[in-house]
Each structure stands twice: as structure tokens, then as C-alpha cells.
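J.: My file is start-v7.txt. It has compact mmCIF, C-alpha atoms:
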# COMPACT_ATOMS: atom_id res chain seq x y z
CA MET A 190 37.22 10.74 -4.56
CA HIS A 191 38.56 9.97 -1.09
CA LYS A 192 39.72 13.57 -0.69
CA VAL A 193 36.30 14.87 -1.70
CA LEU A 194 34.39 12.56 0.66
CA GLY A 195 36.82 13.35 3.46
CA ASP A 196 36.28 17.09 3.17
CA PRO A 197 33.41 18.29 5.43
CA ARG A 198 32.83 21.33 3.23
CA ALA A 199 32.50 19.15 0.13
CA ILE A 200 30.06 16.86 1.92
CA ALA A 201 28.01 19.86 3.06
CA LEU A 202 28.00 21.23 -0.49
CA LEU A 203 26.82 17.91 -1.93
CA LEU A 204 24.20 17.09 0.71
CA GLY A 205 23.15 20.61 1.64
CA PRO A 206 20.64 21.28 -1.18
CA ALA A 207 18.91 17.91 -0.71
CA LEU A 208 18.76 18.35 3.07
CA ILE A 209 17.31 21.84 2.70
CA VAL A 210 14.59 20.62 0.32
CA TYR A 211 13.83 17.62 2.56
CA THR A 212 13.60 19.86 5.62
CA LEU A 213 11.26 22.32 3.91
CA VAL A 214 9.05 19.69 2.30
CA MET A 215 9.03 16.97 4.98
CA LEU A 216 10.38 17.89 8.41
CA ILE A 217 8.82 21.32 8.86
CA PRO A 218 5.30 20.16 7.84
CA VAL A 219 5.61 17.19 10.24
CA VAL A 220 6.56 19.44 13.15
CA TRP A 221 3.84 21.93 12.14
CA SER A 222 1.28 19.11 12.09
CA LEU A 223 2.36 17.96 15.54
CA GLY A 224 1.82 21.50 16.79
CA TYR A 225 -1.73 21.51 15.42
CA THR A 226 -2.65 18.59 17.72
CA LEU A 227 -2.54 21.00 20.66
CA PHE A 228 -5.03 23.45 19.14
CA GLU A 229 -8.65 23.56 18.09
CA GLY A 230 -10.08 25.49 15.15
CA ASN A 231 -9.02 26.45 11.64
CA ALA A 232 -7.53 29.29 9.63
CA ILE A 233 -10.90 31.08 9.33
CA SER A 234 -12.27 30.86 12.87
CA GLY A 235 -8.88 31.00 14.55
CA PHE A 236 -7.10 28.59 16.87
CA GLU A 237 -7.54 27.92 20.56
CA PHE A 238 -5.07 26.00 22.71
CA VAL A 239 -6.68 22.82 24.10
CA GLY A 240 -3.64 20.82 25.19
CA ALA A 241 -4.11 17.05 24.95
CA ASP A 242 -7.89 17.20 24.42
CA ASN A 243 -7.60 16.22 20.76
CA LEU A 244 -5.46 13.19 21.61
CA ALA A 245 -7.87 12.15 24.36
CA ARG A 246 -10.78 12.46 21.92
CA LEU A 247 -9.20 9.74 19.75
CA PHE A 248 -10.03 7.15 22.43
CA THR A 249 -13.69 8.14 22.71
CA ASP A 250 -14.58 8.84 19.07
CA PRO A 251 -16.42 5.78 17.65
CA ARG A 252 -15.62 6.84 14.09
CA VAL A 253 -11.91 6.54 14.80
CA GLY A 254 -12.39 2.93 15.85
CA GLU A 255 -14.47 2.23 12.74
CA ALA A 256 -11.96 3.94 10.44
CA LEU A 257 -9.09 2.08 12.11
CA ARG A 258 -10.86 -1.23 11.55
CA VAL A 259 -11.41 -0.42 7.86
CA THR A 260 -7.77 0.66 7.52
CA LEU A 261 -6.37 -2.52 9.07
CA LEU A 262 -8.76 -4.80 7.19
CA TYR A 263 -7.92 -3.17 3.89
CA ALA A 264 -4.18 -3.16 4.62
CA VAL A 265 -4.04 -6.84 5.55
CA ILE A 266 -6.12 -8.05 2.59
CA ILE A 267 -4.40 -5.89 -0.01
CA THR A 268 -0.87 -6.50 1.30
CA VAL A 269 -1.34 -10.27 1.31
CA GLY A 270 -2.95 -10.14 -2.13
CA GLN A 271 -0.37 -7.83 -3.69
CA VAL A 272 2.65 -9.77 -2.44
CA LEU A 273 1.14 -13.21 -3.07
CA LEU A 274 -0.11 -12.45 -6.59
CA GLY A 275 3.09 -10.55 -7.38
CA TYR A 276 5.24 -13.47 -6.21
CA LEU A 277 3.21 -16.02 -8.17
CA LEU A 278 3.51 -13.87 -11.28
CA ALA A 279 7.25 -13.44 -10.68
CA LEU A 280 7.67 -17.23 -10.45
CA PHE A 281 5.63 -17.55 -13.64
CA TYR A 282 7.91 -15.05 -15.38
CA VAL A 283 11.10 -16.83 -14.28
CA PHE A 284 10.22 -20.51 -14.61
CA VAL A 285 7.58 -20.54 -17.36
CA LEU A 286 8.03 -17.53 -19.62
CA ARG A 287 11.78 -17.18 -18.99
CA ASN A 288 13.16 -14.69 -21.55
CA ARG A 289 10.03 -14.65 -23.70
CA GLY A 290 7.73 -12.80 -21.30
CA SER A 291 8.43 -9.14 -22.02
CA VAL A 292 5.03 -8.60 -23.67
CA VAL A 293 3.17 -10.37 -20.85
CA ARG A 294 5.08 -8.42 -18.19
CA THR A 295 4.26 -5.17 -19.98
CA LEU A 296 0.55 -5.99 -20.20
CA VAL A 297 0.35 -7.01 -16.54
CA PHE A 298 2.25 -3.87 -15.49
CA PHE A 299 0.11 -1.55 -17.66
CA PRO A 300 -2.67 -0.95 -15.03
CA VAL A 301 -0.03 0.53 -12.70
CA ILE A 302 0.41 3.58 -14.95
CA ILE A 303 -3.32 4.22 -15.47
CA PRO A 304 -4.61 7.13 -13.32
CA THR A 305 -6.50 5.98 -10.24
CA VAL A 306 -9.59 8.02 -11.13
CA ALA A 307 -9.78 6.39 -14.56
CA VAL A 308 -9.50 2.92 -13.04
CA ALA A 309 -12.19 3.74 -10.48
CA LEU A 310 -14.58 5.04 -13.14
CA MET A 311 -14.01 1.88 -15.16
CA PHE A 312 -14.82 -0.35 -12.18
CA GLN A 313 -17.90 1.72 -11.35
CA LYS A 314 -19.18 0.99 -14.85
CA LEU A 315 -18.18 -2.68 -14.65
CA PHE A 316 -20.15 -3.23 -11.42
CA GLU A 317 -22.96 -0.76 -12.15
CA VAL A 318 -26.53 -1.75 -11.32
CA ALA A 319 -28.40 1.44 -12.33
CA PRO A 320 -29.27 3.33 -14.47
CA GLN A 321 -27.55 0.82 -16.77
CA THR A 322 -26.65 -2.76 -15.96
CA GLY A 323 -22.88 -3.18 -15.90
CA PRO A 324 -21.03 -6.11 -17.51
CA VAL A 325 -20.63 -7.96 -14.19
CA ASN A 326 -24.35 -7.85 -13.38
CA ALA A 327 -25.20 -8.62 -16.99
CA LEU A 328 -23.06 -11.77 -16.72
CA LEU A 329 -24.82 -12.73 -13.49
CA ASN A 330 -28.18 -12.25 -15.23
CA VAL A 331 -27.13 -14.66 -17.99
CA PHE A 332 -26.73 -17.39 -15.36
CA GLY A 333 -30.05 -16.52 -13.74
CA VAL A 334 -28.60 -14.56 -10.81
CA ALA A 335 -30.24 -11.27 -9.86
CA SER A 336 -28.27 -8.06 -10.22
CA VAL A 337 -26.23 -7.04 -7.17
CA ASP A 338 -25.95 -3.49 -5.88
CA TRP A 339 -22.21 -3.79 -5.38
CA PHE A 340 -21.81 -0.34 -3.87
CA GLY A 341 -24.91 -0.58 -1.69
CA SER A 342 -23.55 -2.83 1.06
CA PRO A 343 -20.29 -2.66 3.04
CA VAL A 344 -19.10 -6.18 2.18
CA SER A 345 -19.66 -5.97 -1.57
CA ALA A 346 -18.19 -2.45 -1.73
CA ILE A 347 -15.00 -3.68 -0.04
CA VAL A 348 -14.90 -6.68 -2.40
CA VAL A 349 -14.99 -4.40 -5.46
CA LEU A 350 -12.38 -2.12 -3.89
CA VAL A 351 -10.05 -5.07 -3.22
CA ILE A 352 -10.47 -6.44 -6.74
CA MET A 353 -9.72 -3.04 -8.25
CA ASP A 354 -6.63 -2.34 -6.17
CA LEU A 355 -5.20 -5.82 -6.66
CA TRP A 356 -5.72 -5.61 -10.40
CA ARG A 357 -4.01 -2.26 -10.72
CA SER A 358 -1.08 -2.99 -8.38
CA MET A 359 -0.10 -6.65 -8.77
CA GLY A 360 1.94 -5.87 -11.90
CA PHE A 361 4.21 -3.55 -9.91
CA TYR A 362 4.92 -6.16 -7.24
CA ALA A 363 5.39 -8.83 -9.91
CA VAL A 364 8.19 -6.78 -11.51
CA LEU A 365 9.68 -5.90 -8.12
CA LEU A 366 9.80 -9.53 -7.01
CA TYR A 367 10.88 -10.68 -10.47
CA THR A 368 14.02 -8.57 -10.23
CA GLY A 369 14.70 -10.16 -6.85
CA LEU A 370 14.36 -13.66 -8.29
CA LEU A 371 16.78 -12.79 -11.08
CA ASP A 372 19.45 -12.08 -8.44
CA ILE A 373 19.45 -15.71 -7.29
CA PRO A 374 22.73 -17.21 -8.63
CA ASP A 375 22.27 -19.68 -11.48
CA ASP A 376 24.87 -22.06 -10.05
CA ILE A 377 22.79 -22.51 -6.89
CA MET A 378 19.71 -23.28 -8.95
CA GLU A 379 21.61 -25.76 -11.12
CA SER A 380 23.12 -27.47 -8.08
CA ALA A 381 19.66 -27.82 -6.54
CA ARG A 382 18.28 -29.32 -9.75
CA LEU A 383 21.17 -31.81 -9.90
CA ASP A 384 20.33 -32.82 -6.34
CA GLY A 385 16.78 -33.60 -7.43
CA ALA A 386 15.02 -30.40 -6.36
CA ASN A 387 12.33 -29.50 -8.89
CA GLY A 388 8.98 -27.76 -8.93
CA TRP A 389 7.54 -26.91 -5.51
CA ARG A 390 10.53 -28.41 -3.68
CA LEU A 391 12.89 -26.09 -5.55
CA VAL A 392 10.74 -23.06 -4.77
CA ARG A 393 10.29 -23.99 -1.10
CA SER A 394 13.91 -24.95 -0.35
CA ILE A 395 15.92 -22.60 -2.57
CA VAL A 396 13.94 -19.82 -4.21
CA LEU A 397 11.80 -18.75 -1.26
CA PRO A 398 14.61 -18.50 1.35
CA LEU A 399 16.89 -16.60 -1.04
CA SER A 400 14.12 -14.19 -2.04
CA LEU A 401 13.09 -13.34 1.53
CA PRO A 402 14.91 -9.96 1.53
CA VAL A 403 12.99 -8.68 -1.49
CA LEU A 404 9.78 -10.23 -0.11
CA LEU A 405 10.31 -8.34 3.13
CA SER A 406 10.87 -5.10 1.22
CA SER A 407 7.69 -5.72 -0.75
CA VAL A 408 5.65 -6.37 2.39
CA ILE A 409 6.91 -3.18 4.08
CA PHE A 410 6.36 -1.15 0.91
CA SER A 411 2.86 -2.56 0.50
CA ILE A 412 1.69 -2.30 4.14
CA ASN A 413 2.82 1.31 4.44
CA GLY A 414 1.08 2.20 1.19
CA THR A 415 -2.16 0.42 2.07
CA LEU A 416 -2.33 1.90 5.56
CA LYS A 417 -2.23 5.33 3.91
CA VAL A 418 -4.74 4.52 1.15
CA PHE A 419 -6.77 7.52 0.03
CA ASP A 420 -7.14 8.10 -3.70
CA SER A 421 -8.62 4.77 -4.77
CA ILE A 422 -11.27 4.81 -2.02
CA VAL A 423 -12.24 8.43 -2.69
CA ALA A 424 -12.49 7.77 -6.42
CA LEU A 425 -14.45 4.51 -6.16
CA THR A 426 -16.73 4.72 -3.09
CA ASN A 427 -15.90 8.05 -1.37
CA GLY A 428 -16.00 6.12 1.88
CA GLY A 429 -19.50 4.73 1.34
CA PRO A 430 -21.96 3.26 1.74
CA GLY A 431 -22.21 5.48 4.79
CA THR A 432 -18.79 5.23 6.39
CA ALA A 433 -18.29 1.52 5.65
CA THR A 434 -15.16 2.06 3.53
CA THR A 435 -13.82 5.18 5.25
CA PRO A 436 -10.18 4.65 6.36
CA LEU A 437 -8.21 6.88 8.72
CA THR A 438 -6.82 8.96 5.84
CA LEU A 439 -10.25 9.87 4.50
CA TYR A 440 -11.61 10.55 7.98
CA MET A 441 -8.58 12.78 8.63
CA PHE A 442 -9.26 14.66 5.38
CA GLN A 443 -12.95 15.11 6.16
CA THR A 444 -12.23 16.24 9.72
CA SER A 445 -9.65 18.80 8.65
CA PHE A 446 -11.10 20.23 5.45
CA SER A 447 -14.84 19.45 5.55
CA TYR A 448 -15.43 20.07 9.26
CA GLY A 449 -12.62 22.61 9.75
CA GLU A 450 -11.11 20.81 12.75
CA TYR A 451 -7.42 21.11 11.93
CA GLY A 452 -6.23 20.06 15.38
CA TYR A 453 -8.27 16.87 15.54
CA GLY A 454 -7.38 16.05 11.94
CA ALA A 455 -3.69 16.39 12.84
CA SER A 456 -4.27 14.06 15.79
CA ILE A 457 -5.72 11.43 13.45
CA ALA A 458 -2.66 11.88 11.21
CA LEU A 459 -0.42 11.33 14.23
CA LEU A 460 -2.31 8.12 15.04
CA LEU A 461 -1.81 6.91 11.47
CA THR A 462 1.92 7.73 11.62
CA ILE A 463 2.34 5.79 14.86
CA LEU A 464 0.41 2.87 13.35
CA CYS A 465 2.72 2.76 10.29
CA LEU A 466 5.77 2.91 12.55
CA ILE A 467 4.54 0.09 14.80
CA VAL A 468 3.69 -2.19 11.88
CA THR A 469 7.06 -1.55 10.18
CA VAL A 470 9.04 -2.22 13.38
CA PHE A 471 7.00 -5.39 14.01
CA ILE A 472 7.74 -6.70 10.52
CA PHE A 473 11.45 -5.96 10.88
CA ARG A 474 11.69 -7.64 14.28
CA SER A 475 9.70 -10.70 13.26
CA SER A 476 11.93 -11.21 10.19
CA ARG A 477 15.26 -11.04 12.02
CA ARG A 478 16.68 -14.47 11.41
CA ASP A 479 19.33 -16.12 9.31
CA VAL A 480 17.63 -17.26 6.12
CA THR A 481 20.38 -19.87 5.61
CA LYS A 482 19.23 -21.75 8.73
CA GLY A 483 16.33 -24.22 8.72
If you convert what's in this file into C-alpha cells, what do you get?
T.:
Amino acid sequence: MHKVLGDPRAIALLLGPALIVYTLVMLIPVVWSLGYTLFEGNAISGFEFVGADNLARLFTDPRVGEALRVTLLYAVIITVGQVLLGYLLALFYVFVLRNRGSVVRTLVFFPVIIPTVAVALMFQKLFEVAPQTGPVNALLNVFGVASVDWFGSPVSAIVVLVIMDLWRSMGFYAVLLYTGLLDIPDDIMESARLDGANGWRLVRSIVLPLSLPVLLSSVIFSINGTLKVFDSIVALTNGGPGTATTPLTLYMFQTSFSYGEYGYGASIALLLTILCLIVTVFIFRSSRRDVTKG
């Protein structure tokens, strides 16, 4: 094995196919997209070189600011919800269900594998107000509350969107964090219990510090996914009402393929890429500390 890994030709043979595929699928499209930011037009009308005009337009376009606000709001709420609910479920699996929770874990994880469009259609029916009253409004009517047009106002539309995405994703983060909790050595847990640490004290002093690495991974995984949200919003609200739930990804798609402005759409994509990079670096830097200290 040492001879193989020490041979440059063997390394090139092993890594070459993967690097070629990665270059063709990832690197070349990224560079191509960066090139589009310098042009205006599309494949039908042709392209015209405009320099940095598209990038300058980002700072004057009010819809970019609105889409950025929706993106950040959604990312913060969903990331906190996904990691928090996932961690609570993981603690429930470890300390309450123990080895008897395979059925519960499967049921909670099941929404993850359901297609996004199917989940969105289900939630549209659940919160429907017309032509038929959905189960949620029907329940409100039972208690004397008038039906709510959940998709008719920005706040209620975002509420439904958050509920849907948390329901369909918390099972994934529960399993991810559960595997991290299982890596905590049993002897440490037993020693803590012998020292009188139980319940919340055990979680706060032992479990939480030792699970910080997997928590950090979950936060980064979640924030990058939520900043790039597209399918669930398109399927549930299509950015409405108006543009109240339109994130940067949907605005980028509309700009490029509905309005035919490839260059400006690529500029929005560049903004989103920089945003993901900044958030990831910030999380890494803010988490650089020794978890064994205070």
C-alpha cells in the first residue's frame, strides 16, 4: 500500500477520473458562470460585454435586498429549528428510547425521503382555505376561529413554509446528531453519573461539550442548505404572495430563465456564493476553542 501511495503515477490513476468529473461538473460551470457576470443578454438575443455593470446593479436593485432579507430570515429560522429539534430528538433517542427506538427513528426520518413536491402539495391541502376548507382551518372553525388565508399574507406564508421544512428535515438532523451522541464514550458518562451528574446537568456539562463537533457540522450543513433553498419554496408558494417568500435562488432563476438576463442572474448567484462562504467562515472562526475548557 505504501508503494502504491508513494507512486505519483498510481495516485494520478486513482484520482484522475474523479478530478476530471469534478472539473467538468463543478469547476468549469463555476468559471463559466463568473464569466457571464461581465455580459448582458441570453443565448437567443446574444451577449454584450458590460463589464461590472451587473455587479453594480446588485447594490441598487430593491428586489435583491428583499430577496436577501427573505433568504437570511429563512436560513436563521430553519437552521435553528432543524438543529434544535434534531438535537432534542437525538437526546430523546439516547436517554429515553435507548435501544428500543428503531421504529420511532424510522417514522421520524420518513418525511426526509418523501419528494418535496408531494410534501408541498400535502401542506397546501392542509392549510387550504378555498375552494375547500383544509384540516387546519376546519380545526380553527371548531374552536370558533375564522378561517385563515395562510398563503395570502407574507407572515402566514412563511409560517407554513417553516413548519413544512422543519417537519420534513428534522428527522435527518436527529439521526445525524444521534450518531454523534453514540460516539461519546460510555465510561465518561458513567463517571459523570457516579459524580452525581444527572438530567440537565449531565447534558450541559458532559453531553453538550463532547457533541459540539457534530453540532458544528450540522449547523454548517443546515445553513448552507437553507441559504440555497429553492425547491420547497417553488413547490409551496412559488415566491408568493407577491415576492414575500422569494429568496435569492428563486430570484436568480427568474432573472436568468424568465427574464433572459443571464449575466445579472449569474451576478446574483455570485452574491449567494459569497454569502455562503462568509457565513461558513464566520461559524468556523466563532467555534475555534477548546471544548475541554470551561
J.: So the first atom is CA of Thr260 (chain A) and the second is CA of Gly341 (chain A); what is the distance between them in Å, to one decimal place?
T.: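 Value for the CA of Thr260 (chain A)-CA of Gly341 (chain A) distance: 19.5 Å.
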J.: Hey, could you make a per-residue contact list for region 292-346 of chain A against region 351-370 of chain A with 6 Å as the cut-off, showing the nearest pair of atoms and its distance in Å to one decimal, counting all atoms listed in the file, sorted by chain and number, as a Markdown table?
T.:
| residue | atom | partner | partner_atom | distance |
| --- | --- | --- | --- | --- |
| A:Val297 | CA | A:Gly360 | CA | 5.0 |
| A:Phe298 | CA | A:Gly360 | CA | 4.1 |
| A:Pro300 | CA | A:Arg357 | CA | 4.7 |
| A:Val301 | CA | A:Arg357 | CA | 5.2 |
J.: Padding of 6 Å on every side, edges along x, y and z, all listed atoms of region 351-362 of chain A included: what centre and edge lengths in Å, to one decimal, does that box have, as JSON?
T.:
{"center_x": -2.8, "center_y": -4.5, "center_z": -7.6, "size_x": 27.4, "size_y": 16.4, "size_z": 20.7}
J.: Could you state the separation of CA of Gly275 (chain A) and CA of Ser406 (chain A) in Å, given to one decimal place?
T.: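 The value is 12.8 Å.
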J.: Neighbouring residues of Val318 (chain A) were defined as those with any atom within 12 Å, considering all atoms listed in the file; residues of the same chain fewer than 6 positions away were excluded. Please report them as a PyMOL selection string.
T.: chain A and resi 312+324-330+335-341
J.: Just how far from CA of Glu450 (chain A) is CA of Phe238 (chain A), in Å to one decimal?
T.: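 Pair CA of Phe238 (chain A) / CA of Glu450 (chain A) returns 12.8 Å.
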J.: Name the residues, using the chain letters and numbers of the file, that sit within 12 Å of (4.8, -14.7, -18.2) when counting all atoms listed in the file, and give them as a VMD selection string.
T.: chain A and resid 275 277 to 298 360 363 to 364 367
J.: With distances taken over all atoms listed in the file, which of A:Tyr225, A:Phe299, A:Tyr276, A:Phe236 is nearest to Leu401 (chain A)?
T.: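 Ranked by minimum distance to Leu401 (chain A), first place goes to A:Tyr276.
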J.: For Ala346 (chain A), list every protein, DNA or RNA residue within 10 Å, evaluated using all atoms listed in the file, and leave out those in the same chain fewer than 2 positions away; present the list as a PyMOL selection string.
T.: chain A and resi 316+338-344+348-351+425-426+428-430+433-434
J.: As a PyMOL selection string, please: the residues near Met441 (chain A) (cut-off 8 Å, only C-alpha atoms, same-chain neighbours under 6 positions excluded).
T.: chain A and resi 454-455+457-458
J.: Find the residues around Ala241 (chain A) up to 10 Å (only C-alpha atoms counted), leave out those fewer than 6 positions away in its own chain, and share them as a ChimeraX atom specification.
T.: /A:226-228,456
J.: Choose the residue, out of A:Leu391, A:Ile217, A:Leu244, A:Leu274, that has the smallest atom-to-atom separation from Glu229 (chain A); count only C-alpha atoms.
T.: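 Comparing A:Leu391, A:Ile217, A:Leu244, A:Leu274 against Glu229 (chain A), the winner is A:Leu244.
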J.: Quick one: residues within 10 Å of Leu405 (chain A), all atoms listed in the file counted, chain neighbours fewer than 4 positions away excluded, as a PDB file with C-alpha atoms, in the coordinates of the input?
T.:
ATOM      1  CA  VAL A 272       2.650  -9.770  -2.440  1.00  0.00           C
ATOM      2  CA  SER A 400      14.120 -14.190  -2.040  1.00  0.00           C
ATOM      3  CA  LEU A 401      13.090 -13.340   1.530  1.00  0.00           C
ATOM      4  CA  ILE A 409       6.910  -3.180   4.080  1.00  0.00           C
ATOM      5  CA  PHE A 410       6.360  -1.150   0.910  1.00  0.00           C
ATOM      6  CA  SER A 411       2.860  -2.560   0.500  1.00  0.00           C
ATOM      7  CA  ILE A 472       7.740  -6.700  10.520  1.00  0.00           C
ATOM      8  CA  PHE A 473      11.450  -5.960  10.880  1.00  0.00           C
ATOM      9  CA  SER A 476      11.930 -11.210  10.190  1.00  0.00           C
TER      10      SER A 476
END
J.: Generate the missing atoms of region 341-352 of chain A up to all heavy atoms and report them as a tab-separated table (two decimals), keeping the file's coordinate frame.
T.:
chain	number	residue	atom	x	y	z
A	341	GLY	N	-23.84	-0.85	-2.64
A	341	GLY	CA	-24.91	-0.58	-1.69
A	341	GLY	C	-24.73	-1.25	-0.34
A	341	GLY	O	-25.47	-0.94	0.59
A	342	SER	N	-23.79	-2.17	-0.22
A	342	SER	CA	-23.55	-2.83	1.06
A	342	SER	C	-22.06	-2.79	1.38
A	342	SER	O	-21.23	-2.79	0.47
A	342	SER	CB	-24.04	-4.28	1.03
A	342	SER	OG	-23.19	-5.08	0.21
A	343	PRO	N	-21.70	-2.76	2.66
A	343	PRO	CA	-20.29	-2.66	3.04
A	343	PRO	C	-19.43	-3.80	2.50
A	343	PRO	O	-18.33	-3.57	1.99
A	343	PRO	CB	-20.33	-2.68	4.57
A	343	PRO	CG	-21.69	-2.17	4.92
A	343	PRO	CD	-22.59	-2.68	3.84
A	344	VAL	N	-19.91	-5.02	2.59
A	344	VAL	CA	-19.10	-6.18	2.18
A	344	VAL	C	-18.81	-6.15	0.69
A	344	VAL	O	-17.67	-6.30	0.25
A	344	VAL	CB	-19.80	-7.50	2.58
A	344	VAL	CG1	-19.02	-8.69	2.03
A	344	VAL	CG2	-19.94	-7.61	4.09
A	345	SER	N	-19.86	-5.95	-0.12
A	345	SER	CA	-19.66	-5.97	-1.57
A	345	SER	C	-18.84	-4.77	-2.03
A	345	SER	O	-18.05	-4.87	-2.97
A	345	SER	CB	-21.01	-5.98	-2.30
A	345	SER	OG	-21.80	-4.87	-1.92
A	346	ALA	N	-18.99	-3.63	-1.37
A	346	ALA	CA	-18.19	-2.45	-1.73
A	346	ALA	C	-16.70	-2.71	-1.47
A	346	ALA	O	-15.84	-2.35	-2.29
A	346	ALA	CB	-18.66	-1.23	-0.95
A	347	ILE	N	-16.39	-3.35	-0.35
A	347	ILE	CA	-15.00	-3.68	-0.04
A	347	ILE	C	-14.47	-4.72	-1.02
A	347	ILE	O	-13.30	-4.66	-1.44
A	347	ILE	CB	-14.88	-4.17	1.42
A	347	ILE	CG1	-15.13	-3.00	2.38
A	347	ILE	CG2	-13.50	-4.77	1.67
A	347	ILE	CD1	-15.10	-3.39	3.84
A	348	VAL	N	-15.32	-5.66	-1.42
A	348	VAL	CA	-14.90	-6.68	-2.40
A	348	VAL	C	-14.49	-6.02	-3.71
A	348	VAL	O	-13.44	-6.34	-4.29
A	348	VAL	CB	-16.04	-7.70	-2.64
A	348	VAL	CG1	-15.72	-8.57	-3.85
A	348	VAL	CG2	-16.22	-8.57	-1.40
A	349	VAL	N	-15.32	-5.10	-4.21
A	349	VAL	CA	-14.99	-4.40	-5.46
A	349	VAL	C	-13.70	-3.59	-5.30
A	349	VAL	O	-12.84	-3.56	-6.18
A	349	VAL	CB	-16.15	-3.49	-5.89
A	349	VAL	CG1	-15.77	-2.70	-7.15
A	349	VAL	CG2	-17.40	-4.31	-6.15
A	350	LEU	N	-13.57	-2.93	-4.16
A	350	LEU	CA	-12.38	-2.12	-3.89
A	350	LEU	C	-11.12	-2.99	-3.89
A	350	LEU	O	-10.08	-2.62	-4.45
A	350	LEU	CB	-12.53	-1.41	-2.54
A	350	LEU	CG	-11.39	-0.51	-2.10
A	350	LEU	CD1	-11.21	0.66	-3.06
A	350	LEU	CD2	-11.66	0.01	-0.69
A	351	VAL	N	-11.20	-4.16	-3.26
A	351	VAL	CA	-10.05	-5.07	-3.22
A	351	VAL	C	-9.70	-5.57	-4.61
A	351	VAL	O	-8.52	-5.61	-5.00
A	351	VAL	CB	-10.36	-6.26	-2.28
A	351	VAL	CG1	-9.33	-7.37	-2.45
A	351	VAL	CG2	-10.39	-5.79	-0.83
A	352	ILE	N	-10.71	-5.96	-5.37
A	352	ILE	CA	-10.47	-6.44	-6.74
A	352	ILE	C	-9.79	-5.36	-7.57
A	352	ILE	O	-8.82	-5.63	-8.30
A	352	ILE	CB	-11.79	-6.88	-7.40
A	352	ILE	CG1	-12.35	-8.11	-6.70
A	352	ILE	CG2	-11.58	-7.17	-8.88
A	352	ILE	CD1	-13.74	-8.51	-7.17
